[in-house]
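The data block below is query_1.csv; it holds CSV, C-alpha atoms.
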chain,number,residue,atom,x,y,z
A,1,MET,CA,25.1,7.2,8.0
A,2,SER,CA,28.3,7.2,6.0
A,3,THR,CA,28.4,6.4,2.3
A,4,ALA,CA,30.7,3.4,3.1
A,5,THR,CA,28.0,1.9,5.4
A,6,GLU,CA,25.2,2.6,2.9
A,7,LYS,CA,27.2,0.8,0.1
A,8,SER,CA,27.9,-2.1,2.5
A,9,ILE,CA,24.2,-2.3,3.3
A,10,GLU,CA,23.3,-2.4,-0.5
A,11,LYS,CA,25.8,-5.2,-1.1
A,12,LEU,CA,24.5,-7.0,2.0
A,13,LYS,CA,20.9,-7.0,0.7
A,14,MET,CA,22.0,-8.4,-2.7
A,15,ARG,CA,24.0,-11.2,-1.0
A,16,ALA,CA,21.1,-11.9,1.4
A,17,ALA,CA,18.7,-12.3,-1.6
A,18,ALA,CA,21.2,-14.5,-3.4
A,19,GLU,CA,21.7,-16.7,-0.4
A,20,GLY,CA,17.9,-17.1,0.3
A,21,LEU,CA,18.1,-15.0,3.5
A,22,LEU,CA,15.7,-12.4,2.4
A,23,ASP,CA,12.4,-13.9,3.5
A,24,VAL,CA,10.3,-10.7,3.3
A,25,ALA,CA,11.3,-7.9,1.0
A,26,TYR,CA,9.4,-4.6,1.2
A,27,THR,CA,9.3,-1.1,-0.2
A,28,THR,CA,6.9,1.8,-0.3
A,29,ALA,CA,5.3,3.1,-3.5
A,30,ASP,CA,3.4,6.2,-4.4
A,31,SER,CA,-0.2,6.0,-5.5
A,32,PRO,CA,-2.9,8.6,-6.2
A,33,PHE,CA,-4.3,7.8,-2.8
A,34,GLY,CA,-1.1,8.1,-0.8
A,35,PRO,CA,1.9,5.8,0.0
A,36,LEU,CA,1.5,2.0,-0.2
A,37,LEU,CA,3.6,-0.6,1.5
A,38,LEU,CA,4.4,-3.6,-0.7
A,39,ALA,CA,5.9,-6.8,0.7
A,40,LYS,CA,6.7,-10.1,-1.0
A,41,THR,CA,8.2,-13.5,-0.1
A,42,GLU,CA,9.8,-16.0,-2.4
A,43,ARG,CA,6.2,-17.2,-3.2
A,44,GLY,CA,4.9,-13.8,-4.3
A,45,LEU,CA,3.2,-10.6,-3.1
A,46,VAL,CA,2.1,-11.2,0.5
A,47,ARG,CA,1.0,-7.8,1.8
A,48,VAL,CA,-0.2,-4.5,0.4
A,49,GLY,CA,-0.6,-1.8,3.1
A,50,LEU,CA,-3.0,1.0,2.2
A,51,PRO,CA,-2.2,4.7,2.9
A,52,ASN,CA,-4.3,4.8,6.1
A,53,GLN,CA,-2.5,1.8,7.6
A,54,ASP,CA,0.5,2.1,9.8
A,55,ALA,CA,3.5,0.7,7.8
A,56,ASP,CA,5.6,0.0,10.9
A,57,GLU,CA,2.8,-2.0,12.5
A,58,LEU,CA,2.4,-4.1,9.3
A,59,LEU,CA,6.1,-4.8,9.2
A,60,VAL,CA,6.1,-6.0,12.9
A,61,ASP,CA,3.1,-8.2,12.0
A,62,LEU,CA,5.0,-9.7,9.0
A,63,ALA,CA,8.0,-10.3,11.2
A,64,ALA,CA,5.8,-12.3,13.6
A,65,ARG,CA,3.6,-14.1,11.1
A,66,VAL,CA,6.0,-14.8,8.2
A,67,SER,CA,9.6,-14.4,9.2
A,68,PRO,CA,11.6,-11.8,11.1
A,69,ARG,CA,14.0,-11.6,8.2
A,70,VAL,CA,12.3,-8.5,6.8
A,71,LEU,CA,14.4,-6.2,4.8
A,72,GLU,CA,13.7,-3.0,2.7
A,73,ALA,CA,14.7,-4.1,-0.8
A,74,PRO,CA,12.9,-1.9,-3.4
A,75,LYS,CA,14.4,-3.7,-6.4
A,76,GLU,CA,12.7,-7.0,-5.4
A,77,LEU,CA,9.4,-5.2,-5.9
A,78,ASP,CA,10.0,-3.5,-9.2
A,79,GLU,CA,7.5,-5.6,-11.1
A,80,VAL,CA,4.8,-5.1,-8.5
A,81,ARG,CA,5.3,-1.3,-8.5
A,82,ARG,CA,5.3,-1.3,-12.3
A,83,GLU,CA,2.0,-3.1,-12.6
A,84,LEU,CA,0.4,-0.9,-9.9
A,85,ASP,CA,1.6,2.3,-11.6
A,86,LEU,CA,0.0,1.1,-14.9
A,87,TYR,CA,-3.2,0.2,-13.0
A,88,PHE,CA,-3.5,3.6,-11.5
A,89,GLU,CA,-3.0,5.1,-15.0
A,90,GLY,CA,-5.9,3.0,-16.2
A,91,LYS,CA,-3.6,1.1,-18.5
A,92,LEU,CA,-3.8,-2.3,-16.8
A,93,ASP,CA,-6.9,-4.3,-16.2
A,94,ARG,CA,-5.4,-7.5,-14.9
A,95,PHE,CA,-2.5,-8.1,-12.6
A,96,ASP,CA,-0.1,-10.8,-13.5
A,97,LEU,CA,1.7,-11.2,-10.2
A,98,PRO,CA,2.4,-14.4,-8.1
A,99,LEU,CA,0.6,-14.1,-4.8
A,100,ASP,CA,1.4,-15.6,-1.4
A,101,TRP,CA,-1.9,-16.4,0.3
A,102,ARG,CA,-0.4,-17.6,3.6
A,103,LEU,CA,-1.8,-14.7,5.7
A,104,SER,CA,-5.4,-15.9,5.2
A,105,GLY,CA,-6.7,-19.4,5.9
A,106,GLY,CA,-9.8,-21.5,5.4
A,107,PHE,CA,-13.0,-19.7,4.5
A,108,ARG,CA,-11.4,-16.3,4.3
A,109,GLN,CA,-8.8,-17.5,1.8
A,110,ARG,CA,-11.6,-19.1,-0.3
A,111,VAL,CA,-13.5,-15.8,-0.3
A,112,LEU,CA,-10.3,-13.9,-1.3
A,113,ARG,CA,-9.6,-16.3,-4.1
A,114,ALA,CA,-13.1,-15.8,-5.4
A,115,ILE,CA,-12.6,-12.1,-5.2
A,116,ASP,CA,-9.4,-12.4,-7.2
A,117,ARG,CA,-11.4,-13.7,-10.1
A,118,ILE,CA,-13.8,-10.7,-10.3
A,119,PRO,CA,-13.0,-9.0,-13.6
A,120,TYR,CA,-11.9,-5.4,-13.9
A,121,GLY,CA,-14.7,-2.9,-14.0
A,122,GLN,CA,-17.3,-5.3,-12.5
A,123,THR,CA,-18.7,-5.7,-9.1
A,124,ARG,CA,-20.2,-8.6,-7.0
A,125,SER,CA,-22.1,-8.7,-3.8
A,126,TYR,CA,-20.9,-10.1,-0.4
A,127,THR,CA,-23.6,-12.8,-0.8
A,128,GLU,CA,-22.2,-14.0,-4.1
A,129,MET,CA,-18.7,-14.1,-2.6
A,130,ALA,CA,-20.0,-16.2,0.4
A,131,ARG,CA,-21.7,-18.6,-2.1
A,132,LYS,CA,-18.6,-18.9,-4.2
A,133,ALA,CA,-16.6,-19.7,-1.1
A,134,GLY,CA,-19.0,-22.5,-0.3
A,135,ASN,CA,-21.3,-21.1,2.3
A,136,GLU,CA,-24.0,-18.7,1.0
A,137,ARG,CA,-25.3,-18.0,4.5
A,138,ALA,CA,-21.9,-16.7,5.8
A,139,VAL,CA,-22.4,-13.3,4.3
A,140,ARG,CA,-21.0,-11.5,7.4
A,141,ALA,CA,-17.9,-13.8,7.4
A,142,ALA,CA,-17.4,-12.9,3.7
A,143,GLY,CA,-17.5,-9.3,4.7
A,144,THR,CA,-14.9,-9.9,7.4
A,145,ALA,CA,-12.8,-11.7,4.9
A,146,CYS,CA,-12.9,-8.7,2.5
A,147,GLY,CA,-12.1,-6.4,5.4
A,148,SER,CA,-9.0,-8.5,6.4
A,149,ASN,CA,-7.7,-8.8,2.8
A,150,PRO,CA,-3.9,-8.7,3.2
A,151,ILE,CA,-3.4,-8.0,-0.5
A,152,PRO,CA,-5.9,-5.2,-1.4
A,153,LEU,CA,-5.9,-3.5,-4.8
A,154,VAL,CA,-4.3,-6.6,-6.4
A,155,VAL,CA,-7.0,-8.9,-4.9
A,156,PRO,CA,-9.8,-6.4,-5.7
A,157,CYS,CA,-12.0,-6.4,-2.6
A,158,HIS,CA,-13.0,-2.9,-3.7
A,159,ARG,CA,-15.2,-4.7,-6.3
A,160,VAL,CA,-17.4,-6.2,-3.7
A,161,LEU,CA,-20.5,-4.2,-2.8
A,162,ARG,CA,-23.7,-4.7,-0.7
A,163,THR,CA,-26.6,-6.4,-2.4
A,164,GLY,CA,-28.5,-3.5,-4.0
A,165,GLY,CA,-25.3,-1.6,-4.7
A,166,ALA,CA,-24.4,0.3,-1.5
A,167,LEU,CA,-20.6,0.6,-1.1
A,168,GLY,CA,-20.2,-1.4,2.1
A,169,GLY,CA,-16.8,-0.9,3.7
A,170,TYR,CA,-13.2,-0.6,2.8
A,171,GLY,CA,-10.0,-1.0,4.7
A,172,GLY,CA,-8.5,2.0,3.0
A,173,GLY,CA,-11.5,4.2,3.7
A,174,LEU,CA,-14.7,4.7,1.6
A,175,PRO,CA,-13.3,7.6,-0.5
A,176,MET,CA,-10.6,5.3,-1.8
A,177,LYS,CA,-13.1,2.5,-2.7
A,178,GLU,CA,-15.1,5.1,-4.6
A,179,GLY,CA,-12.0,6.4,-6.3
A,180,LEU,CA,-11.0,2.9,-7.4
A,181,LEU,CA,-14.5,2.2,-8.8
A,182,GLU,CA,-14.4,5.5,-10.6
A,183,LEU,CA,-11.1,4.6,-12.1
A,184,GLU,CA,-12.5,1.3,-13.3
A,185,GLY,CA,-15.5,3.1,-14.8
A,186,VAL,CA,-18.0,1.5,-12.4
A,187,LEU,CA,-19.0,4.8,-10.8
A,188,ASP,CA,-19.5,7.9,-12.8
A,189,GLY,CA,-17.8,10.1,-10.3
A,190,LYS,CA,-20.9,12.0,-9.4
A,191,ARG,CA,-22.7,9.3,-7.5
A,192,LYS,CA,-22.7,9.6,-3.7
A,193,PRO,CA,-23.2,6.4,-1.5
B,194,MET,CA,9.9,-13.2,25.5
B,195,THR,CA,10.3,-10.1,23.4
B,196,ALA,CA,9.2,-10.6,19.8
B,197,LEU,CA,11.9,-10.3,17.1
B,198,PRO,CA,11.6,-7.0,15.3
B,199,PRO,CA,11.9,-6.8,11.5
B,200,PHE,CA,15.6,-7.2,10.7
B,201,GLN,CA,15.5,-3.9,8.9
B,202,THR,CA,15.1,-2.2,12.3
B,203,ILE,CA,18.4,-3.8,13.4
B,204,LEU,CA,20.2,-2.6,10.3
B,205,ASP,CA,18.8,0.9,10.8
B,206,GLU,CA,19.8,1.1,14.4
B,207,HIS,CA,23.1,-0.7,14.6
B,208,SER,CA,24.8,-0.9,11.3
B,209,ALA,CA,26.7,2.4,11.8
B,210,ALA,CA,28.1,1.1,15.2
B,211,VAL,CA,29.0,-2.3,13.7
B,212,MET,CA,30.9,-0.6,10.9
B,213,ALA,CA,32.7,1.8,13.3
B,214,ILE,CA,33.8,-1.0,15.5
B,215,LEU,CA,34.9,-3.2,12.5
B,216,GLN,CA,36.9,-0.3,11.0
B,217,GLY,CA,38.6,0.1,14.3
B,218,ALA,CA,39.3,-3.6,14.6
B,219,VAL,CA,40.4,-4.6,11.1
B,220,GLY,CA,41.0,-1.3,9.3
B,221,ARG,CA,39.0,0.5,6.6
B,222,ASP,CA,39.9,-1.8,3.7
B,223,SER,CA,38.7,-5.0,5.4
B,224,ALA,CA,35.8,-3.6,7.3
B,225,ASP,CA,33.3,-4.2,4.5
B,226,ASP,CA,34.2,-7.9,4.2
B,227,CYS,CA,33.7,-8.3,8.0
B,228,PHE,CA,30.5,-6.3,7.8
B,229,GLN,CA,29.0,-8.6,5.2
B,230,GLU,CA,30.1,-11.7,7.2
B,231,THR,CA,28.7,-10.3,10.4
B,232,PHE,CA,25.2,-9.4,9.0
B,233,LEU,CA,24.9,-12.6,6.9
B,234,ALA,CA,25.7,-14.7,10.0
B,235,ALA,CA,23.2,-12.6,12.0
B,236,LEU,CA,20.5,-13.1,9.3
B,237,ARG,CA,21.1,-16.8,9.2
B,238,ALA,CA,20.8,-17.1,13.0
B,239,TYR,CA,18.1,-14.5,13.5
B,240,PRO,CA,14.8,-16.5,13.3
B,241,LYS,CA,16.1,-18.9,16.0
B,242,LEU,CA,17.3,-16.2,18.3
B,243,GLY,CA,15.5,-16.8,21.6
B,244,ASP,CA,16.1,-13.5,23.3
B,245,ALA,CA,15.6,-10.1,21.6
B,246,SER,CA,16.4,-8.1,24.7
B,247,ASN,CA,20.0,-7.2,23.7
B,248,LEU,CA,20.2,-7.3,19.9
B,249,ARG,CA,23.0,-4.8,19.9
B,250,GLY,CA,25.2,-6.9,22.2
B,251,TRP,CA,24.4,-10.0,20.1
B,252,LEU,CA,25.3,-8.3,16.9
B,253,LEU,CA,28.5,-6.8,18.3
B,254,THR,CA,29.6,-10.2,19.6
B,255,ILE,CA,29.2,-11.6,16.1
B,256,ALA,CA,31.1,-8.6,14.6
B,257,HIS,CA,33.8,-9.2,17.2
B,258,ARG,CA,34.1,-12.9,16.2
B,259,LYS,CA,34.3,-12.0,12.5
B,260,ALA,CA,37.1,-9.6,13.3
B,261,ILE,CA,39.0,-12.3,15.2
B,262,ASP,CA,38.4,-14.7,12.2
B,263,HIS,CA,39.8,-12.0,9.9
B,264,HIS,CA,43.0,-11.6,12.0
B,265,ARG,CA,43.4,-15.4,12.3
B,266,ALA,CA,43.1,-15.8,8.5
B,267,ARG,CA,45.7,-13.1,8.0
B,268,GLY,CA,48.0,-14.6,10.7
B,269,ARG,CA,48.0,-17.9,8.8
B,270,ALA,CA,48.8,-16.3,5.5
B,271,PRO,CA,52.5,-16.3,4.9
B,272,ILE,CA,54.2,-12.9,5.0
B,273,PRO,CA,57.0,-12.5,2.5
B,274,VAL,CA,60.2,-11.4,4.1
B,275,ALA,CA,63.7,-10.8,2.8
B,276,GLU,CA,65.4,-12.7,5.5
B,277,VAL,CA,64.1,-15.4,7.9
B,278,ARG,CA,64.8,-14.6,11.5
B,279,GLU,CA,66.4,-17.3,13.5
B,280,VAL,CA,65.0,-16.2,16.9
B,281,ALA,CA,61.4,-16.8,17.8
B,282,VAL,CA,59.3,-13.7,18.2
B,283,GLU,CA,58.1,-13.3,21.7
B,284,ASP,CA,55.6,-10.4,21.3
B,285,GLY,CA,52.8,-9.9,18.9
B,286,ILE,CA,49.2,-11.3,19.1
B,287,PRO,CA,49.2,-14.1,21.6
B,288,GLU,CA,47.8,-17.5,20.5
B,289,HIS,CA,44.1,-17.7,21.1
B,290,ASP,CA,43.2,-20.2,23.8
B,291,PRO,CA,40.2,-22.1,22.5
B,292,GLY,CA,39.2,-23.1,26.0
B,293,LEU,CA,39.2,-19.5,27.1
B,294,TRP,CA,37.1,-18.4,24.2
B,295,ALA,CA,34.7,-21.2,24.7
B,296,ALA,CA,34.2,-20.0,28.2
B,297,VAL,CA,33.7,-16.5,27.0
B,298,GLY,CA,31.1,-17.7,24.5
B,299,ALA,CA,29.2,-19.4,27.4
B,300,LEU,CA,28.8,-16.1,29.3
B,301,PRO,CA,25.5,-14.3,29.4
B,302,PRO,CA,25.1,-12.0,26.4
B,303,LYS,CA,26.0,-8.7,28.1
B,304,GLN,CA,29.0,-10.0,29.9
B,305,ARG,CA,30.2,-11.9,26.8
B,306,ALA,CA,29.9,-8.8,24.7
B,307,ALA,CA,31.7,-6.6,27.3
B,308,VAL,CA,34.6,-9.1,27.7
B,309,ALA,CA,34.9,-9.6,23.9
B,310,LEU,CA,34.9,-5.9,23.2
B,311,ARG,CA,37.4,-5.1,26.0
B,312,TYR,CA,39.9,-7.8,25.4
B,313,GLY,CA,39.2,-8.8,21.8
B,314,SER,CA,38.6,-5.4,20.2
B,315,ASP,CA,40.6,-3.5,22.8
B,316,LEU,CA,37.8,-0.9,23.3
B,317,PRO,CA,37.9,1.5,26.3
B,318,HIS,CA,35.0,1.4,28.8
B,319,GLY,CA,33.3,4.4,27.3
B,320,GLU,CA,33.1,2.8,23.8
B,321,ILE,CA,32.0,-0.5,25.2
B,322,ALA,CA,29.1,1.3,26.9
B,323,ALA,CA,28.2,3.1,23.6
B,324,ALA,CA,28.4,-0.2,21.8
B,325,LEU,CA,26.2,-2.0,24.3
B,326,GLY,CA,23.8,0.9,24.6
B,327,CYS,CA,24.2,1.2,28.4
B,328,SER,CA,25.9,3.5,30.9
B,329,PRO,CA,29.7,3.3,31.4
B,330,GLU,CA,29.0,2.2,34.9
B,331,ALA,CA,26.8,-0.7,33.7
B,332,ALA,CA,29.5,-1.7,31.1
B,333,ARG,CA,32.1,-1.8,33.8
B,334,ARG,CA,29.9,-3.9,35.9
B,335,SER,CA,29.1,-6.4,33.1
B,336,LEU,CA,32.9,-6.6,32.4
B,337,HIS,CA,33.6,-7.2,36.0
B,338,GLU,CA,31.0,-9.9,36.4
B,339,GLY,CA,32.1,-11.6,33.2
B,340,LEU,CA,35.8,-11.7,34.4
B,341,LYS,CA,34.8,-12.9,37.8
B,342,ARG,CA,32.8,-15.8,36.2
B,343,LEU,CA,35.7,-16.6,33.8
B,344,ARG,CA,38.1,-16.8,36.7
B,345,LYS,CA,35.9,-19.2,38.5
B,346,GLU,CA,35.2,-21.3,35.4
B,347,LEU,CA,38.8,-21.6,34.4
B,348,ALA,CA,40.3,-21.9,37.9

Show me, as structure tokens, the structure contained in the file I just sent.
Amino acid sequence: MSTATEKSIEKLKMRAAAEGLLDVAYTTADSPFGPLLLAKTERGLVRVGLPNQDADELLVDLAARVSPRVLEAPKELDEVRRELDLYFEGKLDRFDLPLDWRLSGGFRQRVLRAIDRIPYGQTRSYTEMARKAGNERAVRAAGTACGSNPIPLVVPCHRVLRTGGALGGYGGGLPMKEGLLELEGVLDGKRKP
Amino acid sequence: MTALPPFQTILDEHSAAVMAILQGAVGRDSADDCFQETFLAALRAYPKLGDASNLRGWLLTIAHRKAIDHHRARGRAPIPVAEVREVAVEDGIPEHDPGLWAAVGALPPKQRAAVALRYGSDLPHGEIAAALGCSPEAARRSLHEGLKRLRKELA
């Protein structure tokens, strides 16, 4: 692509943002676990794609479920990237980012909002999350809600374990869940599930 | 109905073609302005676009309209001259007939784009085919069908 076209595209994205036509802005960011996809709306961070997830599929899904006005606009996600970088360096124990919860509804959203309040370096069980969301017996549904978390890392579903301390599952794969818990000092790094 | 892809895909796939056509239609200096207008208009309309089967033709039709707007705006701007001619100029860009362009606008997308690119942007068949992402034969057919329909509508 010519430089003239690239410049025109940069300008277009700034104008689209200024005119409220940028419904979903996204970028990719490096992490110790691989590349992440970050997407936000005017309400806040709406999607974090983990390294093992197909970014193109996530974007198609966002186009269908949020708005097809999806544009790559890294600048819009500067603050998200900055906080994630600090988190991975172990220098940030609480994200201060507006979140857009629209991709989860009902019970799932209540579970995820409860997870959002688990402090750094602590863990909870799926049962506790089900109780916090208003239905102690819906443990399996609470597990599903964790598994379908559209904003992992920032909404820390990696801090939810099985009763008794087994790791349970993780959308980004169990090694990543272990790595995050080690980073937060919950696992000592030698323990195997 | 085909689902609308993320708009970024459209930019990735078609922005170079749109820029090339606009540079041809309005010149290098004005191409960026028309490019901005084209894609902002496309972004505004995109969520309500019912048919995602010919995004390229849709986009190029918008680009073409923006190029016409550009020429019209320039046509209205007074051109400073040393001496005012007393005889009417017979040649030059003919007055656009609103009825004709409304009929063009009502054509199916492929035919509309083919007609607009041929007679508005003055592109040869080969380039129309490239712009529409089809074979020259298919471009020729779309153009032919479009003209046939226009003749019938306007007769």

Proximal residues of chain A relative to chain B (all atoms listed in the file; 9 Å) as a PyMOL selection string
chain A and resi 1-2+4-5+8-9+11-12+15-16+19+21-22+59-64+67-72

For CA of Arg265 in chain B and CA of Ser223 in chain B, quote the distance in Å rounded to one decimal.
13.3 Å

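The shortest atom-to-atom distance to Gly179 in chain A, with only C-alpha atoms taken into account, belongs to A:Ser31 out of A:Ala39, A:Ser104, A:Val24, A:Ser31.
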
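From CA of Val308 in chain B back to CA of Ala331 in chain B, the distance works out to 12.9 Å.
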
Excluding same-chain residues fewer than 6 positions from range 342-346 of chain B, what lies within 10 Å of it counting all atoms listed in the file, as a list in words?
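The filter keeps Leu293, Trp294, Ala296, Val297, Ala299, Leu300, Gln304, Val308 and Leu336 of chain B.
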
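With only C-alpha atoms as the atoms that count, the residue of A:Leu38, A:Ala145, A:Asn52, A:Leu92 with the shortest distance to Asp78 in chain A is A:Leu38.
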
Considering only C-alpha atoms, return as a PyMOL selection string whatever protein or nucleic-acid residues lie within 9 Å of range 151-155 of chain A, sequence-local ones (same chain, fewer than 5 positions apart) excluded.
chain A and resi 38+45-50+84+94-95+97+99+101+112-113+115-118+146+171-172+180

Can you tell me how far CA of Tyr26 in chain A sits from CA of Phe88 in chain A, in Å to one decimal?
19.9 Å

For a quick check of understanding, using only C-alpha atoms, which of B:Pro301, B:Gly319, B:Gly326, B:Gly220 has the smallest distance to His207 in chain B?
B:Gly326

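Of the listed residues (A:Thr3, A:Thr28, A:Gln53, A:Thr123), A:Thr123 comes nearest to Arg162 in chain A; the distances count all atoms listed in the file.
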
Across A:Glu10, A:Ala138, A:Asp85, A:Ala166, the smallest distance to Glu178 in chain A, with only C-alpha atoms counted, is shown by A:Ala166

Can I get range 33-49 of chain A with N, CA and C atoms filled in, as a short mmCIF file (atom, residue, chain, number, x, y, z; two decimals), in the coordinates of the input?
data_model
loop_
_atom_site.label_atom_id
_atom_site.label_comp_id
_atom_site.auth_asym_id
_atom_site.auth_seq_id
_atom_site.Cartn_x
_atom_site.Cartn_y
_atom_site.Cartn_z
N PHE A 33 -3.62 7.70 -4.04
CA PHE A 33 -4.30 7.80 -2.80
C PHE A 33 -3.37 7.95 -1.59
N GLY A 34 -2.06 7.95 -1.86
CA GLY A 34 -1.10 8.10 -0.80
C GLY A 34 -0.09 6.90 -0.89
N PRO A 35 0.89 6.86 0.05
CA PRO A 35 1.90 5.80 0.00
C PRO A 35 1.39 4.43 0.30
N LEU A 36 1.84 3.44 -0.46
CA LEU A 36 1.50 2.00 -0.20
C LEU A 36 2.70 1.30 0.30
N LEU A 37 2.48 0.32 1.15
CA LEU A 37 3.60 -0.60 1.50
C LEU A 37 3.38 -1.88 0.75
N LEU A 38 4.45 -2.33 0.12
CA LEU A 38 4.40 -3.60 -0.70
C LEU A 38 5.40 -4.55 -0.08
N ALA A 39 4.96 -5.79 0.15
CA ALA A 39 5.90 -6.80 0.70
C ALA A 39 5.68 -8.11 0.00
N LYS A 40 6.81 -8.78 -0.30
CA LYS A 40 6.70 -10.10 -1.00
C LYS A 40 7.65 -11.09 -0.35
N THR A 41 7.31 -12.35 -0.56
CA THR A 41 8.20 -13.50 -0.10
C THR A 41 8.66 -14.17 -1.39
N GLU A 42 9.32 -15.32 -1.21
CA GLU A 42 9.80 -16.00 -2.40
C GLU A 42 8.59 -16.60 -3.18
N ARG A 43 7.41 -16.70 -2.53
CA ARG A 43 6.20 -17.20 -3.20
C ARG A 43 5.53 -16.12 -4.04
N GLY A 44 5.56 -14.91 -3.55
CA GLY A 44 4.90 -13.80 -4.30
C GLY A 44 4.48 -12.70 -3.34
N LEU A 45 3.64 -11.81 -3.87
CA LEU A 45 3.20 -10.60 -3.10
C LEU A 45 2.37 -11.12 -1.91
N VAL A 46 2.76 -10.69 -0.71
CA VAL A 46 2.10 -11.20 0.50
C VAL A 46 1.28 -10.15 1.23
N ARG A 47 1.64 -8.86 1.02
CA ARG A 47 1.00 -7.80 1.80
C ARG A 47 1.00 -6.50 1.00
N VAL A 48 -0.15 -5.85 0.93
CA VAL A 48 -0.20 -4.50 0.40
C VAL A 48 -0.80 -3.64 1.55
N GLY A 49 -0.05 -2.66 2.02
CA GLY A 49 -0.60 -1.80 3.10
C GLY A 49 -1.12 -0.51 2.43
#
